[in-house]
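Report on the structure given below.
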Amino acid sequence: MLILSFESSCDETAVAVVEDGRRVLADEIFSQVALHEIYGGVVPEIAARSHLEVISLLADRALKTAGVARKDIDAVACTYAPGLIGAVLVGVNFAKSAALALGVPLIPVHHIRGHIAANYLAYPELEPPFVCLAISGGNTMLVDVRGYTDMSILGQTRDDAAGECFDKSARVLGLGYPGGKPIDDLSKKGDDRAYDLPRPTVNGGSPYDMSFSGLKTAVVNLAHHAEQTGETLDKPGLAASLCRAVSEMLVGRTMDAAERLGYENIAVAGGVAANSRIRADFEAACQKAGKTLFVPPLRLCGDNAAMIGAQGYYEYLAGHTAGSDLNAYATMEL
Amino acid sequence: MTYITHSESETEALGAEFAKDLPAGTVAALYGELGCGKTAFVRGMARGMGLDCLVNSPTFTIVNEYLGERPLFHFDMYRLGGADELYDIGWEDYLGRGGVCAVEWSENVPGAFDGDEIEVRFTKLSDTDREIRIERGDASC
C-alpha cells in the first residue's frame, strides 16, 4: 500500500511516499529554520506562507523521487494536530484536495504518533508494546505504546517542553535557534558538574510528569547573576550541567515506566532525541537493565512526512480515515 | 495594585484570585522576562476560573485553549515578530469567543490591544521573589 503523506505543523514542510508503513520511497523536506533564526523562534505567518509556497512543488518532487505515478497512490495521510494552526491547515487542506482528486482515502495523523512511528521506519523489527519518550521543542511526553494505534500518556511536562528549555536557555546564553544543537556542541567542552542545577519535581498528577520551567529559570538566574557581578559564566560547563539535568529527568522516568510495565523495548522520538548526552545515558541505562533501545537516526528525529506515512498506514488498518470535513487543531489529546 | 510573591505557588495563587471573577471578554496582557512566573500565573488563572486542565507553555503552539463554561485562551507571543502576525493566529476570532484571553510576551504585539486590557507586569526581585503589578485598562489612554 502506497501512502502519500504531508507534514506542516511547525518549521518543516514535508512530503513523503511510504510503502506499507515501513519502507520510505521518498522523503522530501523543506526547512524554514534559516528563515526563523533571525527572529529567535518560529514566526507563524512566515511559516504558513512558506508551507503554501512549497507544498505542491515538494509533492511533485516526492512522487518523482519515489518513481511512482499519481494513480499508484492508495491513500493520503497528513498531520492534523497539534501545531501552529495556520501551518497545520496548509497540509490538511492540500492533503484533502489530493485525496479527493486521486479518489483515495484521507488519513488524519496525530503529530506525536508520527514521531513515535519514526521508529518503525528505522527498525523493521520493532513492534508494540514499548515505552516511548517523545521529546521535542513543543512536547515532552512518556507514552505507553500498547499497539500501533492504542496508546496512552504515562506522564508529560507540566510547563515547558524539554526542547523549549534548551531553546530558551540557548537564547539567554547568546546561542542560536534552535538551541538544542549549539547547547549539545558546547556541552562537550564542559564539566557536567560545573553548576548545581535543580531537578524539579511535580506535586500531584502522575509520578511520570515532569517540569522544565524551573531549570530554565535557574539558567536565566545564573546568567543574570554573572552579568550583574561581572563574573565570567562558564558557558560550556553550564551547557553540560543543563544537558545532564535534562537527561537525568528523562532517562530515570522512562526506565521506571518500562520496568513497571514489564516492557523489553524502549524507544525515543522527536528532535531532542538528537542530544548526545541523552542518547549516551539511555544507552548506558538500557544496557544495565538488559533492555533494547531504539533511537531513530537524526533525520527521522526531526519533523518529517515519512513518519506520518508510517503511522498513517497503521491508522488506515485500524479504520481511522476522515472525510473532506477534516479540520486542523492546535491542541489535541494523543 | 502591586503584589510581591515569594514562590511559584504564591504567583499561581495570585493568578487564581485575579481570574476568579473576570468577566468574559477580558484580555490580560502579561509583560515580563523569561522565567518570571507568567505561565505559573496563567495556571493559577485557569484554576481560579474553575478549569481543571493541564496548563503548559504555549510557546510552540502560540495558543492553548482551556475549554469550560468561561474558556481561557492562553497565548504566548514569544515567537511573534510583531502585531502583523496576529491575523495569522486568529487573534480577532479569539476575542469574540466569549472567553478570557491571557497573553504572555505582550511586549511583542503592541498593536493587539485597544486600551481596555488589564496589564500584568512581572519584575524579578530575586531568584524567588517577584513583583507583580496589575493595572486595569483605560480606553482613554
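Chain labels A, B, ... are given in the sequence in which chains occur in the C-alpha cells; within each chain residues are numbered consecutively from 1, and ligands are likewise numbered from 1 in the order shown.
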Backbone-only DSSP, strand (DSSP E) members of chain B, as a ChimeraX atom specification:
/B:2-5,27-31,63-66,72-76,100-104,118-124,130-135
Please identify every residue of chain B that has at least one atom no farther than 6 Å from an atom of chain A, counting only C-alpha atoms, and for each give the shortest atom pair and the distance in Å to one decimal, arranged by chain then increasing number, as a Markdown table.
| residue | atom | partner | partner_atom | distance |
| --- | --- | --- | --- | --- |
| B:Gly35 | CA | A:Thr217 | CA | 4.7 |
| B:Asn56 | CA | A:Asp159 | CA | 4.0 |
| B:Ser57 | CA | A:Asp160 | CA | 5.2 |
| B:Phe60 | CA | A:Gly138 | CA | 5.1 |
| B:Thr61 | CA | A:Leu84 | CA | 5.0 |
| B:Arg79 | CA | A:Gly41 | CA | 4.8 |
| B:Leu80 | CA | A:Val43 | CA | 5.3 |
| B:Glu85 | CA | A:Glu45 | CA | 5.6 |
| B:Asp88 | CA | A:Glu45 | CA | 5.6 |
So that I have them on file, write out the residues from the current selection with N, CA and C atoms, as a PDB file, in the first residue's frame.
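Final output, out_27.pdb:
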ATOM      1  N   GLY B  35      11.212  33.338  32.588  1.00  0.00           N
ATOM      2  CA  GLY B  35      11.334  32.756  33.917  1.00  0.00           C
ATOM      3  C   GLY B  35      10.872  33.642  35.056  1.00  0.00           C
ATOM      4  N   ASN B  56       0.185  24.164  30.221  1.00  0.00           N
ATOM      5  CA  ASN B  56       1.622  24.215  29.996  1.00  0.00           C
ATOM      6  C   ASN B  56       1.964  25.306  28.997  1.00  0.00           C
ATOM      7  N   SER B  57       3.250  25.474  28.753  1.00  0.00           N
ATOM      8  CA  SER B  57       3.705  26.601  27.944  1.00  0.00           C
ATOM      9  C   SER B  57       3.196  26.511  26.507  1.00  0.00           C
ATOM     10  N   PHE B  60       5.249  26.891  21.681  1.00  0.00           N
ATOM     11  CA  PHE B  60       5.285  26.298  20.347  1.00  0.00           C
ATOM     12  C   PHE B  60       3.987  26.435  19.576  1.00  0.00           C
ATOM     13  N   THR B  61       2.865  26.217  20.262  1.00  0.00           N
ATOM     14  CA  THR B  61       1.589  26.240  19.546  1.00  0.00           C
ATOM     15  C   THR B  61       1.006  27.646  19.477  1.00  0.00           C
ATOM     16  N   ARG B  79       7.286  33.989  20.045  1.00  0.00           N
ATOM     17  CA  ARG B  79       7.844  33.764  18.720  1.00  0.00           C
ATOM     18  C   ARG B  79       7.379  34.771  17.678  1.00  0.00           C
ATOM     19  N   LEU B  80       6.461  35.626  18.050  1.00  0.00           N
ATOM     20  CA  LEU B  80       5.940  36.550  17.043  1.00  0.00           C
ATOM     21  C   LEU B  80       6.845  37.755  16.853  1.00  0.00           C
ATOM     22  N   GLU B  85       1.428  39.733  12.601  1.00  0.00           N
ATOM     23  CA  GLU B  85       1.231  38.294  12.543  1.00  0.00           C
ATOM     24  C   GLU B  85       0.041  37.816  13.381  1.00  0.00           C
ATOM     25  N   ASP B  88      -2.683  35.965  11.472  1.00  0.00           N
ATOM     26  CA  ASP B  88      -2.421  34.572  11.119  1.00  0.00           C
ATOM     27  C   ASP B  88      -2.772  33.590  12.231  1.00  0.00           C
TER      28      ASP B  88
END
List the spatial neighbours of segment 3-19 of chain B as a ChimeraX atom specification - criterion: any atom at most 6 Å away, only C-alpha atoms, same-chain residues fewer than 3 positions off excluded.
/B:22,40-41,44-45,47-48,128-132
Write the selection just made, keeping N, CA and C atoms, as a short mmCIF file (atom, residue, chain, number, x, y, z; two decimals), in the first residue's frame?
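Done, and the output landed in selection29.cif:
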data_model
loop_
_atom_site.label_atom_id
_atom_site.label_comp_id
_atom_site.auth_asym_id
_atom_site.auth_seq_id
_atom_site.Cartn_x
_atom_site.Cartn_y
_atom_site.Cartn_z
N LEU B 22 -13.32 37.46 36.71
CA LEU B 22 -13.11 38.22 35.48
C LEU B 22 -14.27 38.00 34.52
N ALA B 40 3.08 30.33 35.31
CA ALA B 40 2.54 29.94 36.62
C ALA B 40 1.30 30.78 36.96
N PHE B 41 1.35 32.08 36.65
CA PHE B 41 0.23 32.98 36.91
C PHE B 41 -1.00 32.52 36.10
N GLY B 44 -2.62 29.53 37.50
CA GLY B 44 -3.49 29.94 38.59
C GLY B 44 -4.80 30.51 38.07
N MET B 45 -4.72 31.31 37.00
CA MET B 45 -5.94 31.87 36.40
C MET B 45 -6.91 30.75 36.02
N ARG B 47 -7.13 27.79 37.23
CA ARG B 47 -7.67 27.18 38.45
C ARG B 47 -8.74 28.08 39.05
N GLY B 48 -8.46 29.39 39.08
CA GLY B 48 -9.41 30.35 39.63
C GLY B 48 -10.71 30.40 38.83
N THR B 128 13.72 34.11 43.71
CA THR B 128 12.39 33.58 44.00
C THR B 128 11.30 34.66 44.09
N ASP B 129 11.67 35.88 44.44
CA ASP B 129 10.66 36.92 44.67
C ASP B 129 10.30 37.67 43.38
N ARG B 130 8.99 37.94 43.23
CA ARG B 130 8.52 38.64 42.05
C ARG B 130 7.60 39.79 42.45
N GLU B 131 7.76 40.92 41.78
CA GLU B 131 6.79 42.00 41.94
C GLU B 131 5.80 41.87 40.78
N ILE B 132 4.53 41.85 41.11
CA ILE B 132 3.51 41.71 40.07
C ILE B 132 2.55 42.89 40.17
#
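Comparing A:Glu315, A:Val54, A:Ser241, A:Ala269 by their smallest distance to Ala122 of chain A, the closest is A:Ala269 (using only C-alpha atoms).
Proximity ranking of B:Ala24, B:Val109, B:Met49, B:Cys101 relative to Val63 of chain B places B:Cys101 first, based on only C-alpha atoms.
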For Ala134 of chain A, list every protein, DNA or RNA residue within 9 Å, evaluated using only C-alpha atoms, and leave out those in the same chain fewer than 5 positions away; present the list as a PyMOL selection string.
chain A and resi 112+115-116+139-143+267-273
Selection: 10 Å around Gly98 of chain B, only C-alpha atoms, excl. self and same-chain fewer than 5 positions, as a list in words:
Pro23, Ala24, Gly25, Thr26, Glu69, Arg70, Pro71 and Leu72 of chain B
So which residues of segment 162-240 of chain A fall under alpha helix (DSSP H) by DSSP, listed as number ranges by chain?
A: 162-172, 180-187, 213-229, 235-240
Quick one: write out the picked residues with C-alpha atoms as an mmCIF file, in the first residue's frame?
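See out-v4.cif below for the written result:
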data_model
loop_
_atom_site.group_PDB
_atom_site.id
_atom_site.type_symbol
_atom_site.label_atom_id
_atom_site.label_comp_id
_atom_site.auth_asym_id
_atom_site.auth_seq_id
_atom_site.Cartn_x
_atom_site.Cartn_y
_atom_site.Cartn_z
ATOM 1 C CA ALA A 162 12.457 19.792 27.150
ATOM 2 C CA GLY A 163 13.342 21.286 23.769
ATOM 3 C CA GLU A 164 11.892 24.631 24.827
ATOM 4 C CA CYS A 165 14.169 24.538 27.886
ATOM 5 C CA PHE A 166 17.149 24.107 25.534
ATOM 6 C CA ASP A 167 15.875 26.789 23.119
ATOM 7 C CA LYS A 168 15.279 29.399 25.816
ATOM 8 C CA SER A 169 18.499 28.617 27.682
ATOM 9 C CA ALA A 170 20.380 28.931 24.383
ATOM 10 C CA ARG A 171 18.859 32.353 23.854
ATOM 11 C CA VAL A 172 19.965 33.517 27.300
ATOM 12 C CA GLY A 180 19.425 22.070 21.002
ATOM 13 C CA LYS A 181 22.422 21.603 18.744
ATOM 14 C CA PRO A 182 24.532 24.589 19.909
ATOM 15 C CA ILE A 183 23.983 23.574 23.557
ATOM 16 C CA ASP A 184 24.879 19.973 22.749
ATOM 17 C CA ASP A 185 28.049 21.076 20.922
ATOM 18 C CA LEU A 186 29.077 23.450 23.702
ATOM 19 C CA SER A 187 28.365 20.877 26.417
ATOM 20 C CA SER A 213 10.421 25.632 33.706
ATOM 21 C CA GLY A 214 12.411 25.740 36.960
ATOM 22 C CA LEU A 215 15.510 24.512 35.166
ATOM 23 C CA LYS A 216 15.156 27.242 32.552
ATOM 24 C CA THR A 217 14.704 29.827 35.309
ATOM 25 C CA ALA A 218 17.847 28.557 37.075
ATOM 26 C CA VAL A 219 19.873 29.059 33.871
ATOM 27 C CA VAL A 220 18.378 32.539 33.424
ATOM 28 C CA ASN A 221 19.242 33.404 37.049
ATOM 29 C CA LEU A 222 22.840 32.197 36.667
ATOM 30 C CA ALA A 223 23.318 34.252 33.501
ATOM 31 C CA HIS A 224 21.712 37.262 35.196
ATOM 32 C CA HIS A 225 23.932 36.988 38.306
ATOM 33 C CA ALA A 226 27.055 36.674 36.171
ATOM 34 C CA GLU A 227 26.084 39.781 34.251
ATOM 35 C CA GLN A 228 25.435 41.773 37.431
ATOM 36 C CA THR A 229 28.568 40.725 39.290
ATOM 37 C CA LYS A 235 29.108 28.524 29.343
ATOM 38 C CA PRO A 236 30.407 25.068 28.346
ATOM 39 C CA GLY A 237 30.070 23.968 31.972
ATOM 40 C CA LEU A 238 26.539 25.368 32.183
ATOM 41 C CA ALA A 239 25.550 23.686 28.900
ATOM 42 C CA ALA A 240 26.967 20.365 30.130
#
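Within 7 Å of segment 298-300 of chain A, once only C-alpha atoms are used and residues closer than 3 positions along the same chain are dropped, the contacting residues are A:Ala118, A:Ala274, A:Asn304.
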Could you tell me how far atom CA of Ile29 of chain A sits from atom CA of Phe294 of chain A, in Å to one decimal place?
23.1 Å
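Picture a line from atom CA of Thr39 of chain B to atom CA of Pro207 of chain A; it runs 21.4 Å.
Excluding Glu117 of chain B itself and any same-chain residue fewer than 3 positions from it, the protein and nucleic acid residues within 10 Å of it, counting only C-alpha atoms, are B:Gly25, B:Thr26, B:Val27, B:Ala28, B:Ala29, B:Leu30, B:Cys101, B:Ala102, B:Ala112, B:Phe113, B:Asp114, B:Val120, B:Glu135, B:Arg136, B:Gly137, B:Asp138, B:Ala139.
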Atom-to-atom span, atom CA of Leu334 of chain A and atom CA of Ala257 of chain A, Å
18.0 Å
